[in-house]
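What follows is the content of my_file.cif, which has mmCIF, N, CA and C atoms:
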data_query
loop_
_atom_site.label_atom_id
_atom_site.label_comp_id
_atom_site.auth_asym_id
_atom_site.auth_seq_id
_atom_site.Cartn_x
_atom_site.Cartn_y
_atom_site.Cartn_z
N MET A 1 -2.39 -0.94 27.47
CA MET A 1 -2.59 -2.00 26.50
C MET A 1 -3.39 -3.11 27.17
N PRO A 2 -4.39 -3.70 26.44
CA PRO A 2 -5.19 -4.76 27.04
C PRO A 2 -4.33 -5.98 27.39
N THR A 3 -4.70 -6.66 28.47
CA THR A 3 -3.94 -7.84 28.88
C THR A 3 -4.71 -9.12 28.61
N THR A 4 -5.89 -9.01 28.01
CA THR A 4 -6.65 -10.22 27.71
C THR A 4 -5.98 -10.99 26.60
N THR A 5 -6.14 -12.31 26.63
CA THR A 5 -5.57 -13.15 25.60
C THR A 5 -6.54 -13.21 24.42
N VAL A 6 -6.03 -12.95 23.26
CA VAL A 6 -6.84 -12.98 22.04
C VAL A 6 -6.21 -13.97 21.09
N THR A 7 -7.04 -14.81 20.50
CA THR A 7 -6.55 -15.76 19.52
C THR A 7 -6.44 -15.05 18.18
N LEU A 8 -5.27 -15.15 17.57
CA LEU A 8 -5.06 -14.53 16.27
C LEU A 8 -5.84 -15.31 15.23
N ASN A 9 -6.72 -14.61 14.52
CA ASN A 9 -7.49 -15.22 13.45
C ASN A 9 -7.83 -14.14 12.43
N GLY A 10 -8.54 -14.52 11.39
CA GLY A 10 -8.88 -13.58 10.34
C GLY A 10 -9.68 -12.39 10.82
N GLN A 11 -10.56 -12.62 11.78
CA GLN A 11 -11.37 -11.52 12.29
C GLN A 11 -10.50 -10.49 13.01
N VAL A 12 -9.60 -10.95 13.85
CA VAL A 12 -8.71 -10.03 14.58
C VAL A 12 -7.80 -9.28 13.61
N ILE A 13 -7.26 -10.00 12.63
CA ILE A 13 -6.40 -9.37 11.63
C ILE A 13 -7.21 -8.33 10.84
N GLY A 14 -8.41 -8.71 10.43
CA GLY A 14 -9.26 -7.79 9.67
C GLY A 14 -9.62 -6.55 10.46
N GLN A 15 -9.96 -6.73 11.73
CA GLN A 15 -10.31 -5.57 12.56
C GLN A 15 -9.12 -4.61 12.69
N ALA A 16 -7.94 -5.16 12.87
CA ALA A 16 -6.75 -4.31 12.97
C ALA A 16 -6.50 -3.59 11.65
N HIS A 17 -6.64 -4.31 10.56
CA HIS A 17 -6.44 -3.71 9.24
C HIS A 17 -7.42 -2.58 9.00
N TYR A 18 -8.70 -2.85 9.19
CA TYR A 18 -9.72 -1.85 8.89
C TYR A 18 -9.66 -0.65 9.83
N ALA A 19 -9.34 -0.88 11.08
CA ALA A 19 -9.20 0.25 12.01
C ALA A 19 -8.02 1.13 11.62
N THR A 20 -6.90 0.50 11.28
CA THR A 20 -5.72 1.25 10.87
C THR A 20 -5.98 1.97 9.56
N ARG A 21 -6.61 1.27 8.64
CA ARG A 21 -6.89 1.88 7.33
C ARG A 21 -7.85 3.07 7.48
N ALA A 22 -8.81 2.97 8.39
CA ALA A 22 -9.73 4.09 8.61
C ALA A 22 -8.98 5.33 9.08
N VAL A 23 -7.98 5.14 9.93
CA VAL A 23 -7.15 6.27 10.37
C VAL A 23 -6.43 6.86 9.16
N LEU A 24 -5.83 6.01 8.33
CA LEU A 24 -5.12 6.47 7.15
C LEU A 24 -6.08 7.14 6.16
N GLU A 25 -7.27 6.60 6.01
CA GLU A 25 -8.23 7.18 5.06
C GLU A 25 -8.54 8.64 5.40
N GLY A 26 -8.49 8.99 6.68
CA GLY A 26 -8.68 10.39 7.07
C GLY A 26 -7.60 11.28 6.47
N VAL A 27 -6.37 10.80 6.50
CA VAL A 27 -5.26 11.54 5.89
C VAL A 27 -5.47 11.63 4.38
N LEU A 28 -5.81 10.52 3.76
CA LEU A 28 -5.97 10.48 2.31
C LEU A 28 -7.11 11.38 1.85
N ALA A 29 -8.20 11.41 2.62
CA ALA A 29 -9.34 12.26 2.26
C ALA A 29 -8.92 13.73 2.21
N ARG A 30 -8.08 14.13 3.13
CA ARG A 30 -7.62 15.53 3.14
C ARG A 30 -6.78 15.86 1.92
N THR A 31 -6.15 14.85 1.33
CA THR A 31 -5.30 15.09 0.16
C THR A 31 -6.04 14.81 -1.15
N GLY A 32 -7.24 14.26 -1.05
CA GLY A 32 -7.99 13.92 -2.26
C GLY A 32 -7.43 12.69 -2.96
N THR A 33 -6.78 11.84 -2.20
CA THR A 33 -6.11 10.66 -2.74
C THR A 33 -6.83 9.40 -2.26
N THR A 34 -6.99 8.43 -3.15
CA THR A 34 -7.56 7.15 -2.74
C THR A 34 -6.44 6.27 -2.18
N PHE A 35 -6.85 5.21 -1.48
CA PHE A 35 -5.87 4.27 -0.95
C PHE A 35 -5.06 3.66 -2.09
N ALA A 36 -5.74 3.27 -3.16
CA ALA A 36 -5.04 2.65 -4.30
C ALA A 36 -4.04 3.63 -4.91
N GLN A 37 -4.43 4.89 -5.02
CA GLN A 37 -3.51 5.89 -5.57
C GLN A 37 -2.29 6.07 -4.67
N SER A 38 -2.51 6.11 -3.36
CA SER A 38 -1.38 6.29 -2.45
C SER A 38 -0.44 5.10 -2.53
N LEU A 39 -1.00 3.91 -2.63
CA LEU A 39 -0.17 2.71 -2.75
C LEU A 39 0.63 2.75 -4.05
N ALA A 40 -0.02 3.11 -5.14
CA ALA A 40 0.66 3.17 -6.44
C ALA A 40 1.78 4.21 -6.43
N LEU A 41 1.52 5.37 -5.84
CA LEU A 41 2.56 6.39 -5.74
C LEU A 41 3.74 5.88 -4.92
N ASN A 42 3.43 5.18 -3.83
CA ASN A 42 4.48 4.62 -2.99
C ASN A 42 5.31 3.60 -3.77
N TYR A 43 4.63 2.72 -4.51
CA TYR A 43 5.35 1.73 -5.32
C TYR A 43 6.26 2.44 -6.33
N ALA A 44 5.70 3.43 -7.02
CA ALA A 44 6.48 4.13 -8.05
C ALA A 44 7.65 4.90 -7.43
N ALA A 45 7.41 5.54 -6.30
CA ALA A 45 8.48 6.30 -5.64
C ALA A 45 9.59 5.38 -5.14
N SER A 46 9.23 4.19 -4.70
CA SER A 46 10.25 3.27 -4.19
C SER A 46 11.07 2.65 -5.32
N ALA A 47 10.59 2.77 -6.56
CA ALA A 47 11.32 2.23 -7.71
C ALA A 47 12.16 3.32 -8.37
N ASP A 48 12.38 4.39 -7.66
CA ASP A 48 13.09 5.56 -8.17
C ASP A 48 14.31 5.14 -8.97
N PRO A 49 14.54 5.60 -10.16
CA PRO A 49 13.91 6.77 -10.76
C PRO A 49 12.65 6.47 -11.56
N ALA A 50 12.41 5.21 -11.94
CA ALA A 50 11.23 4.92 -12.76
C ALA A 50 10.83 3.47 -12.59
N ILE A 51 9.59 3.16 -13.01
CA ILE A 51 9.07 1.80 -12.94
C ILE A 51 8.37 1.49 -14.26
N GLU A 52 8.49 0.27 -14.68
CA GLU A 52 7.78 -0.15 -15.89
C GLU A 52 6.27 -0.08 -15.61
N HIS A 53 5.52 0.44 -16.57
CA HIS A 53 4.07 0.55 -16.44
C HIS A 53 3.47 -0.80 -16.05
N GLU A 54 3.89 -1.83 -16.76
CA GLU A 54 3.40 -3.19 -16.51
C GLU A 54 3.70 -3.65 -15.07
N GLN A 55 4.89 -3.35 -14.60
CA GLN A 55 5.29 -3.74 -13.26
C GLN A 55 4.47 -3.00 -12.21
N LEU A 56 4.19 -1.72 -12.43
CA LEU A 56 3.37 -0.96 -11.49
C LEU A 56 1.96 -1.54 -11.43
N VAL A 57 1.39 -1.84 -12.57
CA VAL A 57 0.05 -2.44 -12.60
C VAL A 57 0.05 -3.78 -11.86
N ALA A 58 1.07 -4.58 -12.08
CA ALA A 58 1.16 -5.88 -11.39
C ALA A 58 1.29 -5.71 -9.88
N ARG A 59 2.06 -4.73 -9.45
CA ARG A 59 2.21 -4.50 -8.00
C ARG A 59 0.90 -4.05 -7.37
N ILE A 60 0.17 -3.17 -8.05
CA ILE A 60 -1.13 -2.73 -7.53
C ILE A 60 -2.09 -3.91 -7.48
N THR A 61 -2.14 -4.67 -8.55
CA THR A 61 -3.04 -5.82 -8.63
C THR A 61 -2.72 -6.83 -7.52
N GLY A 62 -1.45 -7.13 -7.35
CA GLY A 62 -1.05 -8.09 -6.33
C GLY A 62 -1.19 -7.55 -4.92
N GLY A 63 -0.88 -6.29 -4.73
CA GLY A 63 -0.93 -5.70 -3.39
C GLY A 63 -2.35 -5.51 -2.88
N LEU A 64 -3.25 -5.10 -3.77
CA LEU A 64 -4.63 -4.83 -3.35
C LEU A 64 -5.59 -5.96 -3.69
N LYS A 65 -5.12 -6.95 -4.44
CA LYS A 65 -5.97 -8.06 -4.86
C LYS A 65 -7.17 -7.54 -5.64
N VAL A 66 -6.87 -6.67 -6.61
CA VAL A 66 -7.91 -6.09 -7.46
C VAL A 66 -7.68 -6.53 -8.90
N PRO A 67 -8.72 -6.47 -9.72
CA PRO A 67 -8.54 -6.80 -11.14
C PRO A 67 -7.60 -5.82 -11.82
N GLU A 68 -6.98 -6.27 -12.89
CA GLU A 68 -6.05 -5.42 -13.63
C GLU A 68 -6.72 -4.14 -14.11
N THR A 69 -8.00 -4.22 -14.45
CA THR A 69 -8.70 -3.02 -14.93
C THR A 69 -8.71 -1.92 -13.86
N GLU A 70 -8.85 -2.30 -12.59
CA GLU A 70 -8.81 -1.31 -11.51
C GLU A 70 -7.42 -0.73 -11.34
N ALA A 71 -6.41 -1.57 -11.47
CA ALA A 71 -5.02 -1.09 -11.36
C ALA A 71 -4.70 -0.14 -12.51
N LEU A 72 -5.14 -0.48 -13.70
CA LEU A 72 -4.92 0.39 -14.85
C LEU A 72 -5.63 1.73 -14.66
N ALA A 73 -6.84 1.68 -14.12
CA ALA A 73 -7.59 2.92 -13.87
C ALA A 73 -6.85 3.80 -12.86
N THR A 74 -6.28 3.19 -11.84
CA THR A 74 -5.52 3.94 -10.84
C THR A 74 -4.32 4.63 -11.48
N VAL A 75 -3.61 3.92 -12.33
CA VAL A 75 -2.46 4.51 -13.01
C VAL A 75 -2.91 5.65 -13.92
N ARG A 76 -4.02 5.46 -14.62
CA ARG A 76 -4.55 6.54 -15.48
C ARG A 76 -4.93 7.76 -14.65
N GLU A 77 -5.54 7.54 -13.50
CA GLU A 77 -5.91 8.66 -12.62
C GLU A 77 -4.67 9.45 -12.20
N LEU A 78 -3.63 8.73 -11.83
CA LEU A 78 -2.40 9.40 -11.37
C LEU A 78 -1.69 10.12 -12.50
N THR A 79 -1.67 9.53 -13.69
CA THR A 79 -1.04 10.23 -14.81
C THR A 79 -1.91 11.41 -15.24
N GLY A 80 -3.21 11.23 -15.22
CA GLY A 80 -4.11 12.32 -15.58
C GLY A 80 -4.01 13.50 -14.63
N ALA A 81 -3.72 13.23 -13.37
CA ALA A 81 -3.58 14.28 -12.36
C ALA A 81 -2.16 14.87 -12.34
N GLY A 82 -1.28 14.33 -13.20
CA GLY A 82 0.09 14.84 -13.24
C GLY A 82 0.96 14.38 -12.09
N LEU A 83 0.54 13.30 -11.41
CA LEU A 83 1.32 12.78 -10.28
C LEU A 83 2.32 11.71 -10.72
N LEU A 84 1.99 11.03 -11.81
CA LEU A 84 2.91 10.12 -12.48
C LEU A 84 3.07 10.64 -13.90
N GLU A 85 4.25 10.40 -14.47
CA GLU A 85 4.49 10.83 -15.85
C GLU A 85 5.37 9.82 -16.55
N ALA A 86 5.22 9.75 -17.86
CA ALA A 86 6.07 8.86 -18.66
C ALA A 86 7.48 9.44 -18.67
N VAL A 87 8.44 8.54 -18.65
CA VAL A 87 9.84 8.96 -18.78
C VAL A 87 10.02 9.39 -20.24
N PRO A 88 10.57 10.58 -20.48
CA PRO A 88 10.76 11.04 -21.85
C PRO A 88 11.51 10.00 -22.70
N GLY A 89 10.92 9.67 -23.83
CA GLY A 89 11.53 8.70 -24.73
C GLY A 89 11.30 7.26 -24.33
N GLU A 90 10.64 7.03 -23.21
CA GLU A 90 10.39 5.67 -22.73
C GLU A 90 8.94 5.58 -22.23
N ALA A 91 8.00 5.54 -23.14
CA ALA A 91 6.58 5.59 -22.78
C ALA A 91 6.14 4.46 -21.86
N ALA A 92 6.86 3.34 -21.87
CA ALA A 92 6.49 2.21 -21.03
C ALA A 92 6.99 2.34 -19.59
N ARG A 93 7.75 3.41 -19.32
CA ARG A 93 8.28 3.62 -17.97
C ARG A 93 7.65 4.87 -17.37
N LEU A 94 7.29 4.76 -16.09
CA LEU A 94 6.67 5.87 -15.38
C LEU A 94 7.55 6.31 -14.24
N ARG A 95 7.46 7.60 -13.94
CA ARG A 95 8.16 8.13 -12.78
C ARG A 95 7.20 9.05 -12.04
N VAL A 96 7.51 9.28 -10.81
CA VAL A 96 6.70 10.17 -9.99
C VAL A 96 7.11 11.60 -10.33
N SER A 97 6.13 12.44 -10.63
CA SER A 97 6.41 13.85 -10.93
C SER A 97 6.76 14.57 -9.64
N GLU A 98 7.18 15.81 -9.76
CA GLU A 98 7.49 16.61 -8.57
C GLU A 98 6.25 16.73 -7.68
N ALA A 99 5.09 16.98 -8.30
CA ALA A 99 3.84 17.07 -7.52
C ALA A 99 3.52 15.74 -6.86
N GLY A 100 3.74 14.65 -7.58
CA GLY A 100 3.51 13.32 -7.02
C GLY A 100 4.45 13.01 -5.87
N ARG A 101 5.70 13.42 -6.03
CA ARG A 101 6.69 13.19 -4.98
C ARG A 101 6.33 13.97 -3.72
N ALA A 102 5.88 15.20 -3.89
CA ALA A 102 5.48 16.02 -2.74
C ALA A 102 4.28 15.40 -2.04
N LEU A 103 3.30 14.96 -2.82
CA LEU A 103 2.11 14.32 -2.23
C LEU A 103 2.50 13.03 -1.52
N SER A 104 3.29 12.20 -2.19
CA SER A 104 3.71 10.92 -1.61
C SER A 104 4.51 11.14 -0.32
N SER A 105 5.39 12.11 -0.33
CA SER A 105 6.20 12.40 0.87
C SER A 105 5.32 12.85 2.03
N GLY A 106 4.34 13.68 1.73
CA GLY A 106 3.42 14.14 2.77
C GLY A 106 2.60 13.00 3.36
N ILE A 107 2.11 12.13 2.49
CA ILE A 107 1.34 10.97 2.95
C ILE A 107 2.23 10.06 3.78
N ARG A 108 3.46 9.84 3.31
CA ARG A 108 4.39 8.97 4.04
C ARG A 108 4.69 9.54 5.42
N ALA A 109 4.87 10.85 5.52
CA ALA A 109 5.15 11.48 6.82
C ALA A 109 3.96 11.30 7.77
N GLU A 110 2.76 11.49 7.25
CA GLU A 110 1.56 11.28 8.08
C GLU A 110 1.44 9.81 8.49
N THR A 111 1.73 8.92 7.56
CA THR A 111 1.67 7.48 7.84
C THR A 111 2.68 7.11 8.92
N ASP A 112 3.87 7.67 8.84
CA ASP A 112 4.89 7.41 9.86
C ASP A 112 4.40 7.84 11.24
N ARG A 113 3.71 8.97 11.30
CA ARG A 113 3.18 9.43 12.59
C ARG A 113 2.08 8.49 13.09
N ILE A 114 1.25 8.01 12.19
CA ILE A 114 0.20 7.06 12.56
C ILE A 114 0.83 5.78 13.10
N VAL A 115 1.81 5.26 12.38
CA VAL A 115 2.50 4.04 12.81
C VAL A 115 3.11 4.23 14.19
N GLN A 116 3.73 5.36 14.41
CA GLN A 116 4.33 5.63 15.72
C GLN A 116 3.27 5.63 16.82
N ARG A 117 2.14 6.27 16.56
CA ARG A 117 1.07 6.31 17.57
C ARG A 117 0.50 4.92 17.84
N LEU A 118 0.33 4.13 16.79
CA LEU A 118 -0.32 2.83 16.95
C LEU A 118 0.62 1.72 17.40
N TYR A 119 1.87 1.76 16.96
CA TYR A 119 2.81 0.68 17.23
C TYR A 119 3.96 1.07 18.14
N GLY A 120 4.15 2.34 18.37
CA GLY A 120 5.34 2.84 19.03
C GLY A 120 5.68 2.22 20.36
N ASP A 121 4.69 1.88 21.16
CA ASP A 121 5.00 1.32 22.49
C ASP A 121 4.84 -0.20 22.55
N VAL A 122 4.64 -0.83 21.40
CA VAL A 122 4.56 -2.29 21.37
C VAL A 122 5.98 -2.84 21.39
N PRO A 123 6.26 -3.77 22.28
CA PRO A 123 7.63 -4.32 22.36
C PRO A 123 8.12 -4.87 21.01
N ALA A 124 9.38 -4.61 20.72
CA ALA A 124 9.97 -5.04 19.45
C ALA A 124 9.81 -6.53 19.20
N GLY A 125 9.95 -7.34 20.24
CA GLY A 125 9.80 -8.79 20.09
C GLY A 125 8.39 -9.17 19.66
N ASP A 126 7.39 -8.49 20.23
CA ASP A 126 6.00 -8.75 19.84
C ASP A 126 5.77 -8.37 18.38
N LEU A 127 6.32 -7.23 17.97
CA LEU A 127 6.18 -6.80 16.58
C LEU A 127 6.86 -7.78 15.63
N ALA A 128 8.01 -8.30 16.03
CA ALA A 128 8.72 -9.26 15.19
C ALA A 128 7.92 -10.54 15.01
N VAL A 129 7.34 -11.05 16.09
CA VAL A 129 6.52 -12.26 16.02
C VAL A 129 5.29 -11.99 15.15
N ALA A 130 4.61 -10.88 15.40
CA ALA A 130 3.42 -10.55 14.62
C ALA A 130 3.78 -10.43 13.14
N GLY A 131 4.91 -9.80 12.85
CA GLY A 131 5.35 -9.65 11.47
C GLY A 131 5.59 -10.98 10.80
N ARG A 132 6.23 -11.90 11.51
CA ARG A 132 6.48 -13.24 10.94
C ARG A 132 5.18 -13.99 10.71
N VAL A 133 4.28 -13.94 11.66
CA VAL A 133 3.00 -14.65 11.53
C VAL A 133 2.19 -14.07 10.37
N LEU A 134 2.08 -12.76 10.31
CA LEU A 134 1.28 -12.15 9.25
C LEU A 134 1.91 -12.37 7.87
N THR A 135 3.23 -12.38 7.80
CA THR A 135 3.90 -12.67 6.53
C THR A 135 3.59 -14.10 6.09
N LEU A 136 3.64 -15.04 7.01
CA LEU A 136 3.33 -16.43 6.70
C LEU A 136 1.88 -16.57 6.24
N VAL A 137 0.95 -15.93 6.95
CA VAL A 137 -0.47 -16.00 6.57
C VAL A 137 -0.67 -15.40 5.18
N THR A 138 -0.01 -14.29 4.92
CA THR A 138 -0.12 -13.65 3.60
C THR A 138 0.42 -14.56 2.51
N GLU A 139 1.57 -15.18 2.74
CA GLU A 139 2.14 -16.10 1.76
C GLU A 139 1.20 -17.26 1.47
N ARG A 140 0.60 -17.81 2.51
CA ARG A 140 -0.33 -18.93 2.33
C ARG A 140 -1.59 -18.50 1.58
N ALA A 141 -2.11 -17.35 1.93
CA ALA A 141 -3.30 -16.85 1.24
C ALA A 141 -2.99 -16.57 -0.23
N ASN A 142 -1.84 -15.97 -0.49
CA ASN A 142 -1.44 -15.71 -1.88
C ASN A 142 -1.28 -17.00 -2.66
N ALA A 143 -0.75 -18.03 -2.02
CA ALA A 143 -0.59 -19.33 -2.68
C ALA A 143 -1.96 -19.93 -3.01
N GLU A 144 -2.90 -19.80 -2.08
CA GLU A 144 -4.26 -20.29 -2.36
C GLU A 144 -4.91 -19.53 -3.49
N LEU A 145 -4.73 -18.22 -3.51
CA LEU A 145 -5.29 -17.42 -4.60
C LEU A 145 -4.69 -17.81 -5.94
N ALA A 146 -3.39 -18.01 -5.95
CA ALA A 146 -2.70 -18.41 -7.20
C ALA A 146 -3.19 -19.77 -7.67
N ALA A 147 -3.35 -20.70 -6.74
CA ALA A 147 -3.83 -22.04 -7.11
C ALA A 147 -5.26 -21.99 -7.64
N ALA A 148 -6.09 -21.12 -7.08
CA ALA A 148 -7.48 -21.00 -7.51
C ALA A 148 -7.58 -20.40 -8.91
N GLN A 149 -6.57 -19.64 -9.33
CA GLN A 149 -6.59 -19.01 -10.65
C GLN A 149 -6.10 -19.92 -11.75
N GLN A 150 -5.58 -21.07 -11.36
CA GLN A 150 -5.05 -22.00 -12.37
C GLN A 150 -6.13 -22.89 -12.92
#
Any chance you could put this one into structure tokens?
Amino acid sequence: MPTTTVTLNGQVIGQAHYATRAVLEGVLARTGTTFAQSLALNYAASADPAIEHEQLVARITGGLKVPETEALATVRELTGAGLLEAVPGEAARLRVSEAGRALSSGIRAETDRIVQRLYGDVPAGDLAVAGRVLTLVTERANAELAAAQQ
């Protein structure tokens, strides 16, 4: 691990994000899944047994900072591919299909291996500090975005 001192800033955060995402994109390319689709499947799977359509769209929009039209398109892609399905009798609620659950589980397993390779030997205290700092930065950025939309 490098011992040089680096000042945490947007560039360093961005480089870490894009490098990590590039590794993940390799996994997603093999499955034919986009990043947005994988995120949406993860959101839906974590809301087991089902999630409100509106809530899923809001989570995608908020998580990726994309327009609602893009989030809606992602949900349509997943339902069209049979990875998400409406809950019988409850058209406004979506659940992950068996195929979606298998895909999501496979992606999650690959992601866990990536995380282990990239973060596994970083001291827990360092990860805790980084987590707190990045959470704070995210909260502040989200607050600025919300204020700009008013």
Report task. Would you return as a ChimeraX atom specification the members of chain A that DSSP assigns to helix (DSSP H, G or I) on this structure's backbone? Result -> /A:10-31,35-46,53-64,68-80,98-119,124-148
Requested in this report: Name the residues that the PyMOL selection byres ((chain A and resi 93) around 8) picks from the file above, as a ChimeraX atom specification, using the file's chain letters and numbers.
Outcome: /A:49-54,85-92,94-96
Selected residues, N, CA and C atoms, written as a PDB file, in the coordinates of the input, please.
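Written out: selection.pdb:
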ATOM      1  N   PRO A  49      14.540   5.600 -10.160  1.00  0.00           N
ATOM      2  CA  PRO A  49      13.910   6.770 -10.760  1.00  0.00           C
ATOM      3  C   PRO A  49      12.650   6.470 -11.560  1.00  0.00           C
ATOM      4  N   ALA A  50      12.410   5.210 -11.940  1.00  0.00           N
ATOM      5  CA  ALA A  50      11.230   4.920 -12.760  1.00  0.00           C
ATOM      6  C   ALA A  50      10.830   3.470 -12.590  1.00  0.00           C
ATOM      7  N   ILE A  51       9.590   3.160 -13.010  1.00  0.00           N
ATOM      8  CA  ILE A  51       9.070   1.800 -12.940  1.00  0.00           C
ATOM      9  C   ILE A  51       8.370   1.490 -14.260  1.00  0.00           C
ATOM     10  N   GLU A  52       8.490   0.270 -14.680  1.00  0.00           N
ATOM     11  CA  GLU A  52       7.780  -0.150 -15.890  1.00  0.00           C
ATOM     12  C   GLU A  52       6.270  -0.080 -15.610  1.00  0.00           C
ATOM     13  N   HIS A  53       5.520   0.440 -16.570  1.00  0.00           N
ATOM     14  CA  HIS A  53       4.070   0.550 -16.440  1.00  0.00           C
ATOM     15  C   HIS A  53       3.470  -0.800 -16.050  1.00  0.00           C
ATOM     16  N   GLU A  54       3.890  -1.830 -16.760  1.00  0.00           N
ATOM     17  CA  GLU A  54       3.400  -3.190 -16.510  1.00  0.00           C
ATOM     18  C   GLU A  54       3.700  -3.650 -15.070  1.00  0.00           C
ATOM     19  N   GLU A  85       4.250  10.400 -14.470  1.00  0.00           N
ATOM     20  CA  GLU A  85       4.490  10.830 -15.850  1.00  0.00           C
ATOM     21  C   GLU A  85       5.370   9.820 -16.550  1.00  0.00           C
ATOM     22  N   ALA A  86       5.220   9.750 -17.860  1.00  0.00           N
ATOM     23  CA  ALA A  86       6.070   8.860 -18.660  1.00  0.00           C
ATOM     24  C   ALA A  86       7.480   9.440 -18.670  1.00  0.00           C
ATOM     25  N   VAL A  87       8.440   8.540 -18.650  1.00  0.00           N
ATOM     26  CA  VAL A  87       9.840   8.960 -18.780  1.00  0.00           C
ATOM     27  C   VAL A  87      10.020   9.390 -20.240  1.00  0.00           C
ATOM     28  N   PRO A  88      10.570  10.580 -20.480  1.00  0.00           N
ATOM     29  CA  PRO A  88      10.760  11.040 -21.850  1.00  0.00           C
ATOM     30  C   PRO A  88      11.510  10.000 -22.700  1.00  0.00           C
ATOM     31  N   GLY A  89      10.920   9.670 -23.830  1.00  0.00           N
ATOM     32  CA  GLY A  89      11.530   8.700 -24.730  1.00  0.00           C
ATOM     33  C   GLY A  89      11.300   7.260 -24.330  1.00  0.00           C
ATOM     34  N   GLU A  90      10.640   7.030 -23.210  1.00  0.00           N
ATOM     35  CA  GLU A  90      10.390   5.670 -22.730  1.00  0.00           C
ATOM     36  C   GLU A  90       8.940   5.580 -22.230  1.00  0.00           C
ATOM     37  N   ALA A  91       8.000   5.540 -23.140  1.00  0.00           N
ATOM     38  CA  ALA A  91       6.580   5.590 -22.780  1.00  0.00           C
ATOM     39  C   ALA A  91       6.140   4.460 -21.860  1.00  0.00           C
ATOM     40  N   ALA A  92       6.860   3.340 -21.870  1.00  0.00           N
ATOM     41  CA  ALA A  92       6.490   2.210 -21.030  1.00  0.00           C
ATOM     42  C   ALA A  92       6.990   2.340 -19.590  1.00  0.00           C
ATOM     43  N   LEU A  94       7.290   4.760 -16.090  1.00  0.00           N
ATOM     44  CA  LEU A  94       6.670   5.870 -15.380  1.00  0.00           C
ATOM     45  C   LEU A  94       7.550   6.310 -14.240  1.00  0.00           C
ATOM     46  N   ARG A  95       7.460   7.600 -13.940  1.00  0.00           N
ATOM     47  CA  ARG A  95       8.160   8.130 -12.780  1.00  0.00           C
ATOM     48  C   ARG A  95       7.200   9.050 -12.040  1.00  0.00           C
ATOM     49  N   VAL A  96       7.510   9.280 -10.810  1.00  0.00           N
ATOM     50  CA  VAL A  96       6.700  10.170  -9.990  1.00  0.00           C
ATOM     51  C   VAL A  96       7.110  11.600 -10.330  1.00  0.00           C
TER      52      VAL A  96
END
Query raised in the report: Quick one: residues within 8 Å of Leu56 of chain A, only N, CA and C atoms counted, chain neighbours fewer than 3 positions away excluded, as a ChimeraX atom specification?
Result: /A:40,43-44,51-53,59-62,71-72,75
Requested in this report: Quick one: pull the distance between atom CA of Gln55 of chain A and atom CA of Gly26 of chain A, Å, one decimal.
Outcome: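 Distance reported for this atom pair: 28.4 Å.
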Query - Per-residue DSSP, chain A, filtered to strand (DSSP E), as an MDAnalysis selection string - result: chainID A and resid 51:52 84:87 90:96
Save out the residues we just selected, N, CA and C atoms, as a short mmCIF file (atom, residue, chain, number, x, y, z; two decimals), in the frame of the given file.
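What ended up in part-v2.cif:
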data_model
loop_
_atom_site.label_atom_id
_atom_site.label_comp_id
_atom_site.auth_asym_id
_atom_site.auth_seq_id
_atom_site.Cartn_x
_atom_site.Cartn_y
_atom_site.Cartn_z
N ILE A 51 9.59 3.16 -13.01
CA ILE A 51 9.07 1.80 -12.94
C ILE A 51 8.37 1.49 -14.26
N GLU A 52 8.49 0.27 -14.68
CA GLU A 52 7.78 -0.15 -15.89
C GLU A 52 6.27 -0.08 -15.61
N LEU A 84 1.99 11.03 -11.81
CA LEU A 84 2.91 10.12 -12.48
C LEU A 84 3.07 10.64 -13.90
N GLU A 85 4.25 10.40 -14.47
CA GLU A 85 4.49 10.83 -15.85
C GLU A 85 5.37 9.82 -16.55
N ALA A 86 5.22 9.75 -17.86
CA ALA A 86 6.07 8.86 -18.66
C ALA A 86 7.48 9.44 -18.67
N VAL A 87 8.44 8.54 -18.65
CA VAL A 87 9.84 8.96 -18.78
C VAL A 87 10.02 9.39 -20.24
N GLU A 90 10.64 7.03 -23.21
CA GLU A 90 10.39 5.67 -22.73
C GLU A 90 8.94 5.58 -22.23
N ALA A 91 8.00 5.54 -23.14
CA ALA A 91 6.58 5.59 -22.78
C ALA A 91 6.14 4.46 -21.86
N ALA A 92 6.86 3.34 -21.87
CA ALA A 92 6.49 2.21 -21.03
C ALA A 92 6.99 2.34 -19.59
N ARG A 93 7.75 3.41 -19.32
CA ARG A 93 8.28 3.62 -17.97
C ARG A 93 7.65 4.87 -17.37
N LEU A 94 7.29 4.76 -16.09
CA LEU A 94 6.67 5.87 -15.38
C LEU A 94 7.55 6.31 -14.24
N ARG A 95 7.46 7.60 -13.94
CA ARG A 95 8.16 8.13 -12.78
C ARG A 95 7.20 9.05 -12.04
N VAL A 96 7.51 9.28 -10.81
CA VAL A 96 6.70 10.17 -9.99
C VAL A 96 7.11 11.60 -10.33
#
Query - Nearest to Leu41 of chain A by atom-to-atom distance, counting all atoms listed in the file, from A:Val137, A:Ala130, A:Leu118, A:Leu83 - result: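 Checking each candidate against Leu41 of chain A, we get A:Leu83 as the closest.
Computed from the coordinates, the atom C of Ala73 of chain A to atom C of Thr31 of chain A distance equals 16.1 Å.
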Taking (-1.0, 9.5, 4.5) in the coordinates of the supplied file, I want to know which residues reach to within 6 Å of it, counting only C-alpha atoms; could you give the answer as a compact mmCIF listing (two decimals) with N, CA and C atoms, keeping the file's coordinate frame?
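Written output follows (out.txt):
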# COMPACT_ATOMS: atom_id res chain seq x y z
N LEU A 24 -5.83 6.01 8.33
CA LEU A 24 -5.12 6.47 7.15
C LEU A 24 -6.08 7.14 6.16
N VAL A 27 -6.37 10.80 6.50
CA VAL A 27 -5.26 11.54 5.89
C VAL A 27 -5.47 11.63 4.38
N LEU A 28 -5.81 10.52 3.76
CA LEU A 28 -5.97 10.48 2.31
C LEU A 28 -7.11 11.38 1.85
N ILE A 107 2.11 12.13 2.49
CA ILE A 107 1.34 10.97 2.95
C ILE A 107 2.23 10.06 3.78
N ARG A 108 3.46 9.84 3.31
CA ARG A 108 4.39 8.97 4.04
C ARG A 108 4.69 9.54 5.42
N GLU A 110 2.76 11.49 7.25
CA GLU A 110 1.56 11.28 8.08
C GLU A 110 1.44 9.81 8.49
N THR A 111 1.73 8.92 7.56
CA THR A 111 1.67 7.48 7.84
C THR A 111 2.68 7.11 8.92
